[in-house]
Structures are given as structure tokens and as C-alpha cells.
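Have a look at coords-v6.cif; it's mmCIF, C-alpha atoms:
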data_my_file
loop_
_atom_site.group_PDB
_atom_site.id
_atom_site.type_symbol
_atom_site.label_atom_id
_atom_site.label_comp_id
_atom_site.auth_asym_id
_atom_site.auth_seq_id
_atom_site.Cartn_x
_atom_site.Cartn_y
_atom_site.Cartn_z
ATOM 1 C CA MET A 1 -11.035 -14.154 -24.699
ATOM 2 C CA PHE A 2 -12.548 -15.774 -21.620
ATOM 3 C CA GLN A 3 -9.533 -14.729 -19.519
ATOM 4 C CA LYS A 4 -9.874 -11.105 -20.682
ATOM 5 C CA MET A 5 -13.575 -11.049 -19.795
ATOM 6 C CA LYS A 6 -12.817 -12.624 -16.404
ATOM 7 C CA ARG A 7 -10.062 -10.078 -15.735
ATOM 8 C CA LYS A 8 -12.361 -7.194 -16.683
ATOM 9 C CA GLU A 9 -15.043 -8.517 -14.320
ATOM 10 C CA GLN A 10 -12.478 -8.871 -11.519
ATOM 11 C CA LEU A 11 -11.262 -5.279 -12.036
ATOM 12 C CA SER A 12 -14.844 -3.986 -11.941
ATOM 13 C CA THR A 13 -15.557 -5.837 -8.677
ATOM 14 C CA ARG A 14 -12.242 -4.667 -7.250
ATOM 15 C CA THR A 15 -13.020 -1.025 -8.041
ATOM 16 C CA ALA A 16 -16.450 -1.313 -6.401
ATOM 17 C CA ILE A 17 -14.932 -2.743 -3.206
ATOM 18 C CA ILE A 18 -12.260 -0.009 -3.055
ATOM 19 C CA GLN A 19 -14.838 2.741 -3.603
ATOM 20 C CA ARG A 20 -17.149 1.333 -0.926
ATOM 21 C CA ALA A 21 -14.259 1.125 1.549
ATOM 22 C CA SER A 22 -13.287 4.695 0.650
ATOM 23 C CA TRP A 23 -16.786 6.022 1.392
ATOM 24 C CA VAL A 24 -16.854 4.147 4.709
ATOM 25 C CA GLY A 25 -13.516 5.789 5.532
ATOM 26 C CA ILE A 26 -14.704 9.260 4.525
ATOM 27 C CA ILE A 27 -17.910 9.080 6.586
ATOM 28 C CA GLY A 28 -16.296 7.390 9.602
ATOM 29 C CA ASN A 29 -13.263 9.671 9.777
ATOM 30 C CA THR A 30 -15.332 12.807 9.238
ATOM 31 C CA PHE A 31 -17.436 11.906 12.271
ATOM 32 C CA LEU A 32 -14.398 11.037 14.420
ATOM 33 C CA SER A 33 -12.439 14.084 13.298
ATOM 34 C CA ILE A 34 -15.271 16.513 14.113
ATOM 35 C CA ILE A 35 -15.953 15.135 17.591
ATOM 36 C CA LYS A 36 -12.237 14.923 18.503
ATOM 37 C CA ILE A 37 -11.289 18.393 17.281
ATOM 38 C CA THR A 38 -14.378 19.899 18.915
ATOM 39 C CA ALA A 39 -13.772 17.997 22.159
ATOM 40 C CA GLY A 40 -10.086 18.897 22.062
ATOM 41 C CA ILE A 41 -10.856 22.611 21.801
ATOM 42 C CA ILE A 42 -13.602 22.550 24.425
ATOM 43 C CA SER A 43 -11.740 20.300 26.892
ATOM 44 C CA GLY A 44 -8.391 21.968 26.372
ATOM 45 C CA SER A 45 -6.647 18.693 25.476
ATOM 46 C CA PHE A 46 -3.904 19.352 22.948
ATOM 47 C CA ALA A 47 -3.275 15.620 22.459
ATOM 48 C CA LEU A 48 -6.940 15.006 21.610
ATOM 49 C CA LEU A 49 -6.852 17.947 19.175
ATOM 50 C CA GLY A 50 -3.803 16.384 17.494
ATOM 51 C CA ASP A 51 -5.619 13.052 17.280
ATOM 52 C CA GLY A 52 -8.527 14.850 15.612
ATOM 53 C CA ILE A 53 -6.178 16.458 13.074
ATOM 54 C CA ASP A 54 -4.745 13.017 12.299
ATOM 55 C CA SER A 55 -8.281 11.747 11.635
ATOM 56 C CA GLY A 56 -8.738 14.759 9.355
ATOM 57 C CA THR A 57 -5.840 13.575 7.187
ATOM 58 C CA ASP A 58 -7.551 10.179 6.995
ATOM 59 C CA ILE A 59 -10.490 11.877 5.267
ATOM 60 C CA VAL A 60 -8.085 13.172 2.612
ATOM 61 C CA THR A 61 -6.519 9.717 2.147
ATOM 62 C CA SER A 62 -9.961 8.146 1.648
ATOM 63 C CA VAL A 63 -10.911 10.811 -0.923
ATOM 64 C CA VAL A 64 -7.641 10.205 -2.809
ATOM 65 C CA THR A 65 -8.309 6.454 -2.717
ATOM 66 C CA LEU A 66 -11.798 7.007 -4.118
ATOM 67 C CA ILE A 67 -10.553 9.136 -7.025
ATOM 68 C CA THR A 68 -7.549 6.935 -7.792
ATOM 69 C CA SER A 69 -9.619 3.738 -7.986
ATOM 70 C CA LYS A 70 -11.439 5.206 -10.996
ATOM 71 C CA ILE A 71 -8.172 6.196 -12.706
ATOM 72 C CA ALA A 72 -6.487 2.824 -12.079
ATOM 73 C CA ASP A 73 -9.469 1.007 -13.627
ATOM 74 C CA GLN A 74 -9.066 2.725 -17.013
ATOM 75 C CA PRO A 75 -7.855 0.518 -19.908
ATOM 76 C CA PRO A 76 -4.443 0.965 -21.611
ATOM 77 C CA ASP A 77 -4.042 3.801 -24.125
ATOM 78 C CA LYS A 78 -1.293 5.286 -26.337
ATOM 79 C CA GLY A 79 0.244 7.192 -23.466
ATOM 80 C CA HIS A 80 -0.050 4.294 -20.998
ATOM 81 C CA PRO A 81 0.358 0.986 -22.890
ATOM 82 C CA TYR A 82 0.652 -0.942 -19.605
ATOM 83 C CA GLY A 83 -2.599 0.580 -18.327
ATOM 84 C CA HIS A 84 -3.146 2.931 -15.372
ATOM 85 C CA GLY A 85 -2.697 0.464 -12.497
ATOM 86 C CA ARG A 86 0.280 2.276 -11.008
ATOM 87 C CA ALA A 87 -1.892 5.308 -10.334
ATOM 88 C CA GLU A 88 -2.732 3.498 -7.099
ATOM 89 C CA THR A 89 0.956 3.213 -6.156
ATOM 90 C CA VAL A 90 1.585 6.873 -6.995
ATOM 91 C CA ALA A 91 -1.451 7.875 -4.932
ATOM 92 C CA THR A 92 -0.223 5.786 -1.998
ATOM 93 C CA LYS A 93 3.112 7.621 -2.133
ATOM 94 C CA ALA A 94 1.235 10.943 -2.246
ATOM 95 C CA LEU A 95 -0.681 9.857 0.857
ATOM 96 C CA SER A 96 2.621 9.364 2.682
ATOM 97 C CA PHE A 97 3.457 13.035 2.066
ATOM 98 C CA ILE A 98 0.041 14.163 3.320
ATOM 99 C CA ILE A 99 0.382 12.062 6.479
ATOM 100 C CA PHE A 100 3.963 13.276 7.056
ATOM 101 C CA PHE A 101 2.949 16.928 6.655
ATOM 102 C CA ALA A 102 0.157 16.530 9.219
ATOM 103 C CA GLY A 103 2.607 14.961 11.669
ATOM 104 C CA ALA A 104 5.221 17.668 11.090
ATOM 105 C CA GLN A 105 2.668 20.440 11.624
ATOM 106 C CA LEU A 106 1.542 18.877 14.882
ATOM 107 C CA ALA A 107 5.173 18.469 16.012
ATOM 108 C CA LEU A 108 6.012 22.131 15.357
ATOM 109 C CA THR A 109 2.890 23.301 17.192
ATOM 110 C CA THR A 110 3.486 21.100 20.236
ATOM 111 C CA ILE A 111 7.183 22.061 20.484
ATOM 112 C CA LYS A 112 6.161 25.727 20.411
ATOM 113 C CA LYS A 113 3.558 25.064 23.113
ATOM 114 C CA ILE A 114 6.081 23.230 25.347
ATOM 115 C CA PHE A 115 8.391 26.257 25.380
ATOM 116 C CA GLU A 116 5.602 28.786 25.875
ATOM 117 C CA SER A 117 5.521 30.506 29.255
ATOM 118 C CA ALA A 118 1.722 30.729 29.295
ATOM 119 C CA GLU A 119 -0.120 28.961 32.098
ATOM 120 C CA ARG A 120 -1.386 25.508 31.183
ATOM 121 C CA THR A 121 -4.825 24.258 32.166
ATOM 122 C CA LEU A 122 -5.956 20.713 32.835
ATOM 123 C CA PRO A 123 -8.189 19.093 30.175
ATOM 124 C CA ASP A 124 -11.794 18.305 31.080
ATOM 125 C CA PHE A 125 -12.620 14.740 32.105
ATOM 126 C CA PHE A 126 -15.181 14.186 29.314
ATOM 127 C CA ALA A 127 -12.287 14.102 26.805
ATOM 128 C CA ILE A 128 -11.589 10.558 28.004
ATOM 129 C CA TYR A 129 -15.002 9.356 26.768
ATOM 130 C CA ILE A 130 -14.331 10.887 23.333
ATOM 131 C CA VAL A 131 -11.016 9.043 23.095
ATOM 132 C CA ILE A 132 -12.716 5.725 23.935
ATOM 133 C CA ILE A 133 -15.251 6.352 21.142
ATOM 134 C CA SER A 134 -12.308 7.123 18.832
ATOM 135 C CA ILE A 135 -10.541 3.843 19.683
ATOM 136 C CA LEU A 136 -13.674 1.805 18.940
ATOM 137 C CA GLY A 137 -14.360 3.711 15.708
ATOM 138 C CA LYS A 138 -10.787 3.377 14.445
ATOM 139 C CA ALA A 139 -10.745 -0.328 15.301
ATOM 140 C CA PHE A 140 -13.798 -0.850 13.077
ATOM 141 C CA LEU A 141 -12.344 1.204 10.191
ATOM 142 C CA ALA A 142 -8.939 -0.514 10.423
ATOM 143 C CA PHE A 143 -10.492 -4.000 10.338
ATOM 144 C CA TYR A 144 -12.879 -3.095 7.505
ATOM 145 C CA LYS A 145 -10.180 -1.556 5.295
ATOM 146 C CA TYR A 146 -7.677 -4.322 6.020
ATOM 147 C CA LYS A 147 -10.224 -6.988 5.087
ATOM 148 C CA ALA A 148 -11.172 -5.129 1.879
ATOM 149 C CA GLY A 149 -7.507 -4.470 1.026
ATOM 150 C CA LYS A 150 -6.576 -8.132 1.442
ATOM 151 C CA LYS A 151 -9.564 -9.256 -0.595
ATOM 152 C CA VAL A 152 -8.606 -7.153 -3.643
ATOM 153 C CA ASN A 153 -4.846 -6.887 -2.924
ATOM 154 C CA SER A 154 -4.954 -3.076 -2.834
ATOM 155 C CA SER A 155 -1.775 -1.326 -1.646
ATOM 156 C CA MET A 156 -3.812 1.841 -1.014
ATOM 157 C CA LEU A 157 -6.352 0.177 1.264
ATOM 158 C CA LEU A 158 -3.682 -1.832 3.081
ATOM 159 C CA ALA A 159 -1.624 1.347 3.622
ATOM 160 C CA ASP A 160 -4.757 3.109 4.830
ATOM 161 C CA SER A 161 -5.639 0.241 7.183
ATOM 162 C CA LYS A 162 -2.080 0.324 8.537
ATOM 163 C CA ASN A 163 -2.530 4.034 9.147
ATOM 164 C CA MET A 164 -5.814 3.298 10.963
ATOM 165 C CA MET A 165 -4.144 0.664 13.149
ATOM 166 C CA ASN A 166 -1.537 3.235 14.094
ATOM 167 C CA ASP A 167 -4.377 5.658 14.851
ATOM 168 C CA ILE A 168 -5.650 3.179 17.443
ATOM 169 C CA LEU A 169 -2.239 3.295 19.122
ATOM 170 C CA ILE A 170 -2.331 7.087 18.914
ATOM 171 C CA SER A 171 -5.752 7.218 20.570
ATOM 172 C CA ILE A 172 -4.602 4.785 23.279
ATOM 173 C CA SER A 173 -1.569 6.987 23.955
ATOM 174 C CA VAL A 174 -3.895 10.006 24.151
ATOM 175 C CA LEU A 175 -6.069 8.123 26.646
ATOM 176 C CA ILE A 176 -3.043 7.197 28.796
ATOM 177 C CA GLY A 177 -1.762 10.773 28.565
ATOM 178 C CA LEU A 178 -5.106 12.200 29.660
ATOM 179 C CA ILE A 179 -5.357 9.800 32.590
ATOM 180 C CA PHE A 180 -1.861 10.703 33.781
ATOM 181 C CA THR A 181 -2.530 14.397 33.206
ATOM 182 C CA LEU A 182 -5.676 14.352 35.353
ATOM 183 C CA LEU A 183 -4.270 11.885 37.892
ATOM 184 C CA PHE A 184 -1.059 13.778 38.617
ATOM 185 C CA ASN A 185 -2.341 17.275 37.828
ATOM 186 C CA MET A 186 0.367 17.786 35.160
ATOM 187 C CA PRO A 187 -0.889 19.513 31.951
ATOM 188 C CA ILE A 188 2.578 19.107 30.381
ATOM 189 C CA VAL A 189 1.940 15.350 30.009
ATOM 190 C CA ASP A 190 -0.873 16.051 27.520
ATOM 191 C CA THR A 191 1.407 18.253 25.401
ATOM 192 C CA VAL A 192 4.299 15.769 25.457
ATOM 193 C CA THR A 193 1.859 13.022 24.411
ATOM 194 C CA ALA A 194 0.873 15.156 21.416
ATOM 195 C CA LEU A 195 4.559 15.472 20.461
ATOM 196 C CA ILE A 196 5.060 11.697 20.658
ATOM 197 C CA ILE A 197 1.973 11.235 18.460
ATOM 198 C CA SER A 198 3.388 13.626 15.847
ATOM 199 C CA VAL A 199 6.664 11.671 15.665
ATOM 200 C CA TRP A 200 4.719 8.411 15.256
ATOM 201 C CA ILE A 201 2.623 9.905 12.444
ATOM 202 C CA MET A 202 5.782 10.936 10.568
ATOM 203 C CA LYS A 203 7.295 7.458 11.032
ATOM 204 C CA VAL A 204 4.201 5.797 9.555
ATOM 205 C CA ALA A 205 4.349 8.183 6.577
ATOM 206 C CA PHE A 206 8.024 7.351 5.981
ATOM 207 C CA ASP A 207 7.341 3.584 6.113
ATOM 208 C CA ILE A 208 4.574 3.917 3.505
ATOM 209 C CA PHE A 209 6.911 6.033 1.333
ATOM 210 C CA LEU A 210 9.575 3.294 1.360
ATOM 211 C CA GLU A 211 7.094 0.485 0.634
ATOM 212 C CA THR A 212 5.743 2.187 -2.500
ATOM 213 C CA SER A 213 9.263 2.942 -3.765
ATOM 214 C CA ILE A 214 9.879 -0.795 -4.296
ATOM 215 C CA GLU A 215 7.094 -1.110 -6.876
ATOM 216 C CA LEU A 216 7.848 2.203 -8.591
ATOM 217 C CA MET A 217 11.464 1.034 -9.093
ATOM 218 C CA ASP A 218 10.219 -2.271 -10.586
ATOM 219 C CA GLY A 219 11.321 -4.266 -7.564
ATOM 220 C CA LEU A 220 9.473 -7.094 -5.842
ATOM 221 C CA GLU A 221 9.200 -7.465 -2.082
ATOM 222 C CA ASP A 222 8.219 -11.136 -2.429
ATOM 223 C CA GLN A 223 10.407 -12.881 -5.024
ATOM 224 C CA SER A 224 8.783 -16.291 -4.667
ATOM 225 C CA ILE A 225 6.849 -15.600 -7.880
ATOM 226 C CA TYR A 226 10.122 -16.071 -9.806
ATOM 227 C CA THR A 227 10.289 -19.661 -8.595
ATOM 228 C CA GLU A 228 6.676 -20.216 -9.670
ATOM 229 C CA VAL A 229 7.417 -18.802 -13.144
ATOM 230 C CA PHE A 230 10.548 -20.966 -13.592
ATOM 231 C CA ASN A 231 8.705 -24.108 -12.451
ATOM 232 C CA ALA A 232 5.889 -23.400 -14.912
ATOM 233 C CA ALA A 233 8.338 -22.848 -17.796
ATOM 234 C CA CYS A 234 10.467 -25.919 -17.041
ATOM 235 C CA GLY A 235 7.325 -28.044 -16.974
ATOM 236 C CA ILE A 236 6.997 -27.599 -20.745
ATOM 237 C CA SER A 237 8.755 -30.205 -22.894
ATOM 238 C CA GLY A 238 11.685 -28.794 -24.904
ATOM 239 C CA VAL A 239 12.309 -25.752 -22.689
ATOM 240 C CA LYS A 240 15.833 -25.226 -21.371
ATOM 241 C CA ASN A 241 17.504 -22.568 -19.242
ATOM 242 C CA PRO A 242 14.805 -19.958 -18.521
ATOM 243 C CA HIS A 243 16.835 -16.786 -17.923
ATOM 244 C CA ARG A 244 16.960 -12.993 -18.249
ATOM 245 C CA THR A 245 13.631 -13.029 -16.441
ATOM 246 C CA ARG A 246 12.171 -9.746 -15.230
ATOM 247 C CA ILE A 247 8.893 -9.516 -13.345
ATOM 248 C CA ARG A 248 7.372 -6.153 -12.592
ATOM 249 C CA LYS A 249 4.284 -5.425 -10.582
ATOM 250 C CA ILE A 250 1.634 -3.039 -11.827
ATOM 251 C CA ASN A 251 -0.852 -2.518 -9.027
ATOM 252 C CA THR A 252 -2.020 -6.082 -8.299
ATOM 253 C CA MET A 253 -0.908 -7.634 -11.601
ATOM 254 C CA TYR A 254 2.442 -8.979 -12.816
ATOM 255 C CA VAL A 255 4.176 -8.528 -16.177
ATOM 256 C CA VAL A 256 6.643 -11.339 -16.972
ATOM 257 C CA ASP A 257 9.525 -11.009 -19.469
ATOM 258 C CA MET A 258 11.584 -14.178 -19.960
ATOM 259 C CA ASP A 259 14.059 -15.782 -22.351
ATOM 260 C CA ILE A 260 14.004 -19.540 -22.907
ATOM 261 C CA GLU A 261 16.295 -21.838 -24.900
ATOM 262 C CA VAL A 262 15.010 -24.482 -27.340
ATOM 263 C CA ASP A 263 16.564 -26.843 -29.883
ATOM 264 C CA GLY A 264 18.204 -24.646 -32.548
ATOM 265 C CA ASN A 265 17.154 -27.062 -35.312
ATOM 266 C CA LEU A 266 13.460 -26.409 -34.743
ATOM 267 C CA SER A 267 11.531 -24.292 -37.212
ATOM 268 C CA VAL A 268 10.300 -20.802 -36.280
ATOM 269 C CA THR A 269 6.771 -22.189 -36.019
ATOM 270 C CA GLU A 270 7.843 -25.014 -33.703
ATOM 271 C CA GLY A 271 9.793 -22.593 -31.501
ATOM 272 C CA HIS A 272 6.802 -20.297 -31.391
ATOM 273 C CA ASP A 273 4.506 -23.168 -30.381
ATOM 274 C CA ILE A 274 6.767 -23.968 -27.408
ATOM 275 C CA SER A 275 6.868 -20.308 -26.315
ATOM 276 C CA LYS A 276 3.069 -20.195 -26.609
ATOM 277 C CA LYS A 277 2.779 -23.217 -24.299
ATOM 278 C CA VAL A 278 5.077 -21.515 -21.769
ATOM 279 C CA HIS A 279 2.988 -18.343 -22.029
ATOM 280 C CA ASP A 280 -0.287 -20.195 -21.448
ATOM 281 C CA CYS A 281 1.138 -22.293 -18.602
ATOM 282 C CA ILE A 282 2.334 -19.207 -16.697
ATOM 283 C CA GLN A 283 -0.929 -17.392 -17.393
ATOM 284 C CA ASN A 284 -3.066 -20.301 -16.172
ATOM 285 C CA LYS A 285 -1.025 -21.566 -13.205
ATOM 286 C CA ILE A 286 -0.093 -18.267 -11.561
ATOM 287 C CA GLU A 287 -2.605 -15.749 -10.264
ATOM 288 C CA ASN A 288 -2.638 -12.037 -11.156
ATOM 289 C CA ILE A 289 -0.632 -12.325 -14.393
ATOM 290 C CA TYR A 290 -1.278 -9.314 -16.623
ATOM 291 C CA ASP A 291 1.009 -10.221 -19.533
ATOM 292 C CA VAL A 292 3.768 -12.695 -20.446
ATOM 293 C CA ILE A 293 6.488 -11.996 -23.037
ATOM 294 C CA ILE A 294 8.654 -14.970 -24.078
ATOM 295 C CA HIS A 295 11.825 -14.635 -26.184
ATOM 296 C CA VAL A 296 13.140 -17.827 -27.808
ATOM 297 C CA GLU A 297 16.888 -18.566 -28.238
ATOM 298 C CA PRO A 298 18.797 -21.651 -29.464
ATOM 299 C CA ILE A 299 20.312 -23.846 -26.731
ATOM 300 C CA GLY A 300 23.761 -22.628 -25.707
ATOM 301 C CA ASN A 301 23.287 -19.078 -26.969
ATOM 302 C CA LYS A 302 25.427 -16.565 -25.059
ATOM 303 C CA GLU A 303 24.870 -12.826 -24.861
ATOM 304 C CA GLU A 304 27.863 -11.299 -23.087
ATOM 305 C CA LYS A 305 26.318 -7.856 -22.671
ATOM 306 C CA GLU A 306 23.189 -9.138 -20.909
ATOM 307 C CA LYS A 307 23.541 -7.959 -17.316
ATOM 308 C CA PHE A 308 19.919 -7.814 -16.257
ATOM 309 C CA GLY A 309 17.162 -10.232 -15.355
ATOM 310 C CA LEU A 310 17.201 -13.349 -13.164
ATOM 311 C CA SER A 311 17.673 -17.044 -13.920
ATOM 312 C CA LYS A 312 16.646 -20.187 -12.083
ATOM 313 C CA GLU A 313 20.256 -20.623 -10.944
ATOM 314 C CA SER A 314 20.561 -17.085 -9.559
ATOM 315 C CA ILE A 315 17.309 -17.443 -7.588
ATOM 316 C CA GLY A 316 18.580 -20.750 -6.184
ATOM 317 C CA LYS A 317 21.855 -19.143 -5.039
ATOM 318 C CA GLU A 318 20.019 -16.248 -3.342
ATOM 319 C CA SER A 319 17.650 -18.551 -1.481
#
Would you mind writing the file's structure down as C-alpha cells?
Amino acid sequence: MFQKMKRKEQLSTRTAIIQRASWVGIIGNTFLSIIKITAGIISGSFALLGDGIDSGTDIVTSVVTLITSKIADQPPDKGHPYGHGRAETVATKALSFIIFFAGAQLALTTIKKIFESAERTLPDFFAIYIVIISILGKAFLAFYKYKAGKKVNSSMLLADSKNMMNDILISISVLIGLIFTLLFNMPIVDTVTALIISVWIMKVAFDIFLETSIELMDGLEDQSIYTEVFNAACGISGVKNPHRTRIRKINTMYVVDMDIEVDGNLSVTEGHDISKKVHDCIQNKIENIYDVIIHVEPIGNKEEKEKFGLSKESIGKES
């Protein structure tokens, strides 16, 4: 009961932190997007305009994060017995599409502009000051969201902070492009810089897409938790051969399914007591455990058709 109350309190705090970070992102990116798009139009810098559009997509990602945090916090129901935690993973994947689309649109526009025969004009010098403001603003947002994401282990905030860090690189490339454009009197440099930015935006989107696919396919990027689970189980007297173990991640929490072997002469009650000790040990020793399901078998039991799950031996061979 105490663990459930503690978990509920942690989820409530986590949601509050995610929502606060989302509002900071919305306000900060709205300001940066407006000044960059406006400055890009006025100064004639296509690269700065593209940077402003990228900041515009960051507003959308922050809004999605804000909405999703409320959905992910909802308790389990008939339709979602494991809860709604994976709404955050689904939303993160959706963000990758939004980011990719923005990059693709910018790429198509810049390619069209490169092949246009119209006369190109040099951007105004004041665009450089706007880019410097953008770099400082993005640095603050990236650090803030990364810190919040690490604190609550949020894939959405970490993906968003990664996007912000890439935005800093984008703004730096815009700054370098503008300097070279004005220094060498070559407007084409600004347009080519915008094209490079668009390719980078699409790459970031693709990386985020791949990262979220691991969780949605019930995979684990860090498999060290299997070792922790096996060590916890083997620490209980009477437990043999923990196997057919499957650990899935739902948002920040883990669901553990595991078979253990015990003396076949024990009563059902005695076998249950051992499985209960294994359950409690895993729940207490390992952080972020949502649920533990233990199946008890007699020592030496063989199931030929079992071709899924991991054992302590298989983890040892892989490592």
C-alpha cells in the first residue's frame, strides 16, 4: 500500500515537472520563432528564416508534450490494463514525424531557390545579432529540458532537449553562413546553409524515430536490468534457474515476467511464499518497477516449445 502511494506521488510530481518544462518550451520557442522568422524576412536571410521555422516546430513538440503528460498520468482501465504510460513514447514518435516534415519542407524550398534564376540579395547585418540571441536562448532551453528529462526519466523531454541541442548547432551554422555570406559577398552561401540545416533536421527526426521503436517493440536499449533481476531472484533461498524472463518498459517503469524453479516436493503454499519473496525483492531492490509476475516450476522442468525470454546463462553468454 505504501509503495502504491509513493508511486502515485512520484507520478504526480513527474507530471508537474514535465508540464512546467513544456510551458517553458512553448514560451521560449514562441519568442525565438517570432524574432527569427521576422528577422529572416526583413533581412532577407533564408537560413535564418529556416532556423525560425525549426523553432516553430519546437512549439508544436512542447504542446504535444504538455498534452501527452496528462494522458500518460491516467491510471489503468479496461482498455489499457498496463496504464497509459506508452502515450509518451507514441507522442515522441509523432514528434519525429513533425520534425522530419519541417526539415523536408525547408529542403524542398531551398533546393527550388538554389535553381531559381532570380537575383539574390545579401542579408542585412542585424541578422547576426538575432542568431546570437537564438543560440543563447536555445542553450538555456536545451539545458533546462535535459535536466528536467533526466530528473523524471522522460523520453519526450530528453528527445526535445536533444532537438534543442541540435538547434544550437543549426543556429551556429546559420551564424557562420551569414558571416561568410557578408564577408565574401556570396548570397548563395546563405541558401546552401539553409539546405544543410534541413538535412540535419531530418536526420535528428530519423534518430528519434529509431529510438522510440525499441520501446514500442518491447526491446530494451540497456539490458543491465536483467542482471539486476537475476541477482535479486537468486538471492532468495530455494530459487533455482530463473529463466524465460521478459522485461518490457512502459514509459519510465518496467514490467518483469519470470519463471523460477523450486523443489517439486514443496506445497503450493510454500512455492507461492518463495515466489512472493522474489517478487518483493525485485520490487524493493530495483528502481522503477511497475509490476512483477513470477511463475513457479519444479526443478528440472523442461518446456521444449519455449523459445522466448532470457535466462541468466543467456545474458552471461551475450556479455
Output as lines of an AutoDock Vina configuration file the centre and edge lengths (Å, one decimal) of the box along x, y and z of the file that holds every listed atom of range 202-205 of chain A after adding 4 Å on each side.
center_x = 5.7
center_y = 8.4
center_z = 8.8
size_x = 11.1
size_y = 13.1
size_z = 12.5
Exercise. Can you work out which one of A:Asn163, A:Ser154, A:Ser275, A:Thr15 has the shortest atom-to-atom distance to Thr61 in chain A, counting all atoms listed in the file?
Key: A:Asn163
Quiz prompt | Matched chain/residue IDs from the PyMOL selection byres ((chain A and resi 188-197) around 7), as number ranges by chain | solution = A: 45-47, 50, 107, 110, 114, 170, 173-174, 177-178, 181, 186-187, 198-201
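Ranking A:Lys285, A:His84, A:Lys70, A:Arg244 by their shortest atom-to-atom distance to Ser314 in chain A, with all atoms listed in the file included, puts A:Arg244 first.
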Practice problem: Please provide the set of residues having any atom within 10 Å of Asn153 in chain A, restricted to only C-alpha atoms, with same-chain residues fewer than 4 positions apart removed, written as a ChimeraX atom specification. | Solution: /A:14,146-149,157-158,251-253,288
Self-check item: Evaluate the PyMOL selection byres ((chain A and resi 298) around 6) and report residues as a ChimeraX atom specification
Solution: /A:261-264,297,299,301
Quiz item: Counting only C-alpha atoms, what is within 7 Å of Ile59 in chain A, bar same-chain residues fewer than 4 positions away, as number ranges by chain?
Solution: A: 25-26, 29-30, 55, 63
Could those selected residues go to a file with C-alpha atoms, as a JSON list (two decimals), keeping the file's coordinate frame?
[["chain", "number", "residue", "atom", "x", "y", "z"],
["A", 25, "GLY", "CA", -13.52, 5.79, 5.53],
["A", 26, "ILE", "CA", -14.70, 9.26, 4.53],
["A", 29, "ASN", "CA", -13.26, 9.67, 9.78],
["A", 30, "THR", "CA", -15.33, 12.81, 9.24],
["A", 55, "SER", "CA", -8.28, 11.75, 11.64],
["A", 63, "VAL", "CA", -10.91, 10.81, -0.92]]
Quiz item: Evaluating the PyMOL selection byres ((chain A and resi 56) around 12) on the displayed file yields which residues, as number ranges by chain?
Solution: A: 25-37, 49-55, 57-63, 98-99, 102-103, 164, 167
Quiz item: Taking all atoms listed in the file into account, which of A:Ser171, A:Asn241, A:Ser224, A:Ser267 comes nearest Ile128 in chain A?
Solution: A:Ser171
Using all atoms listed in the file, collect all residues at a distance of at most 12 Å from (6.0, 7.2, 4.6) as written in the file, then present them as a PDB file with C-alpha atoms, in the frame of the given file.
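Final output, saved to result_24.pdb:
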ATOM      1  CA  THR A  92      -0.223   5.786  -1.998  1.00  0.00           C
ATOM      2  CA  LYS A  93       3.112   7.621  -2.133  1.00  0.00           C
ATOM      3  CA  ALA A  94       1.235  10.943  -2.246  1.00  0.00           C
ATOM      4  CA  LEU A  95      -0.681   9.857   0.857  1.00  0.00           C
ATOM      5  CA  SER A  96       2.621   9.364   2.682  1.00  0.00           C
ATOM      6  CA  PHE A  97       3.457  13.035   2.066  1.00  0.00           C
ATOM      7  CA  ILE A  98       0.041  14.163   3.320  1.00  0.00           C
ATOM      8  CA  ILE A  99       0.382  12.062   6.479  1.00  0.00           C
ATOM      9  CA  PHE A 100       3.963  13.276   7.056  1.00  0.00           C
ATOM     10  CA  PHE A 101       2.949  16.928   6.655  1.00  0.00           C
ATOM     11  CA  ALA A 102       0.157  16.530   9.219  1.00  0.00           C
ATOM     12  CA  GLY A 103       2.607  14.961  11.669  1.00  0.00           C
ATOM     13  CA  ALA A 159      -1.624   1.347   3.622  1.00  0.00           C
ATOM     14  CA  ASP A 160      -4.757   3.109   4.830  1.00  0.00           C
ATOM     15  CA  LYS A 162      -2.080   0.324   8.537  1.00  0.00           C
ATOM     16  CA  ASN A 163      -2.530   4.034   9.147  1.00  0.00           C
ATOM     17  CA  VAL A 199       6.664  11.671  15.665  1.00  0.00           C
ATOM     18  CA  TRP A 200       4.719   8.411  15.256  1.00  0.00           C
ATOM     19  CA  ILE A 201       2.623   9.905  12.444  1.00  0.00           C
ATOM     20  CA  MET A 202       5.782  10.936  10.568  1.00  0.00           C
ATOM     21  CA  LYS A 203       7.295   7.458  11.032  1.00  0.00           C
ATOM     22  CA  VAL A 204       4.201   5.797   9.555  1.00  0.00           C
ATOM     23  CA  ALA A 205       4.349   8.183   6.577  1.00  0.00           C
ATOM     24  CA  PHE A 206       8.024   7.351   5.981  1.00  0.00           C
ATOM     25  CA  ASP A 207       7.341   3.584   6.113  1.00  0.00           C
ATOM     26  CA  ILE A 208       4.574   3.917   3.505  1.00  0.00           C
ATOM     27  CA  PHE A 209       6.911   6.033   1.333  1.00  0.00           C
ATOM     28  CA  LEU A 210       9.575   3.294   1.360  1.00  0.00           C
ATOM     29  CA  GLU A 211       7.094   0.485   0.634  1.00  0.00           C
ATOM     30  CA  THR A 212       5.743   2.187  -2.500  1.00  0.00           C
ATOM     31  CA  SER A 213       9.263   2.942  -3.765  1.00  0.00           C
TER      32      SER A 213
END
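Each of A:Lys150, A:Lys112, A:Lys312, A:Lys249 was compared to Gly83 in chain A using only C-alpha atoms, and A:Lys249 turns out to be the nearest.
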For His272 in chain A, find every residue with an atom within 10 Å (counting all atoms listed in the file), except residues of its own chain fewer than 5 positions away, and show them as a short mmCIF file (atom, residue, chain, number, x, y, z; two decimals) with C-alpha atoms, in the coordinates of the input.
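This went into out_3.cif:
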data_model
loop_
_atom_site.label_atom_id
_atom_site.label_comp_id
_atom_site.auth_asym_id
_atom_site.auth_seq_id
_atom_site.Cartn_x
_atom_site.Cartn_y
_atom_site.Cartn_z
CA LEU A 266 13.46 -26.41 -34.74
CA SER A 267 11.53 -24.29 -37.21
CA LYS A 277 2.78 -23.22 -24.30
CA VAL A 278 5.08 -21.52 -21.77
CA ILE A 294 8.65 -14.97 -24.08
CA HIS A 295 11.82 -14.64 -26.18
CA VAL A 296 13.14 -17.83 -27.81
#
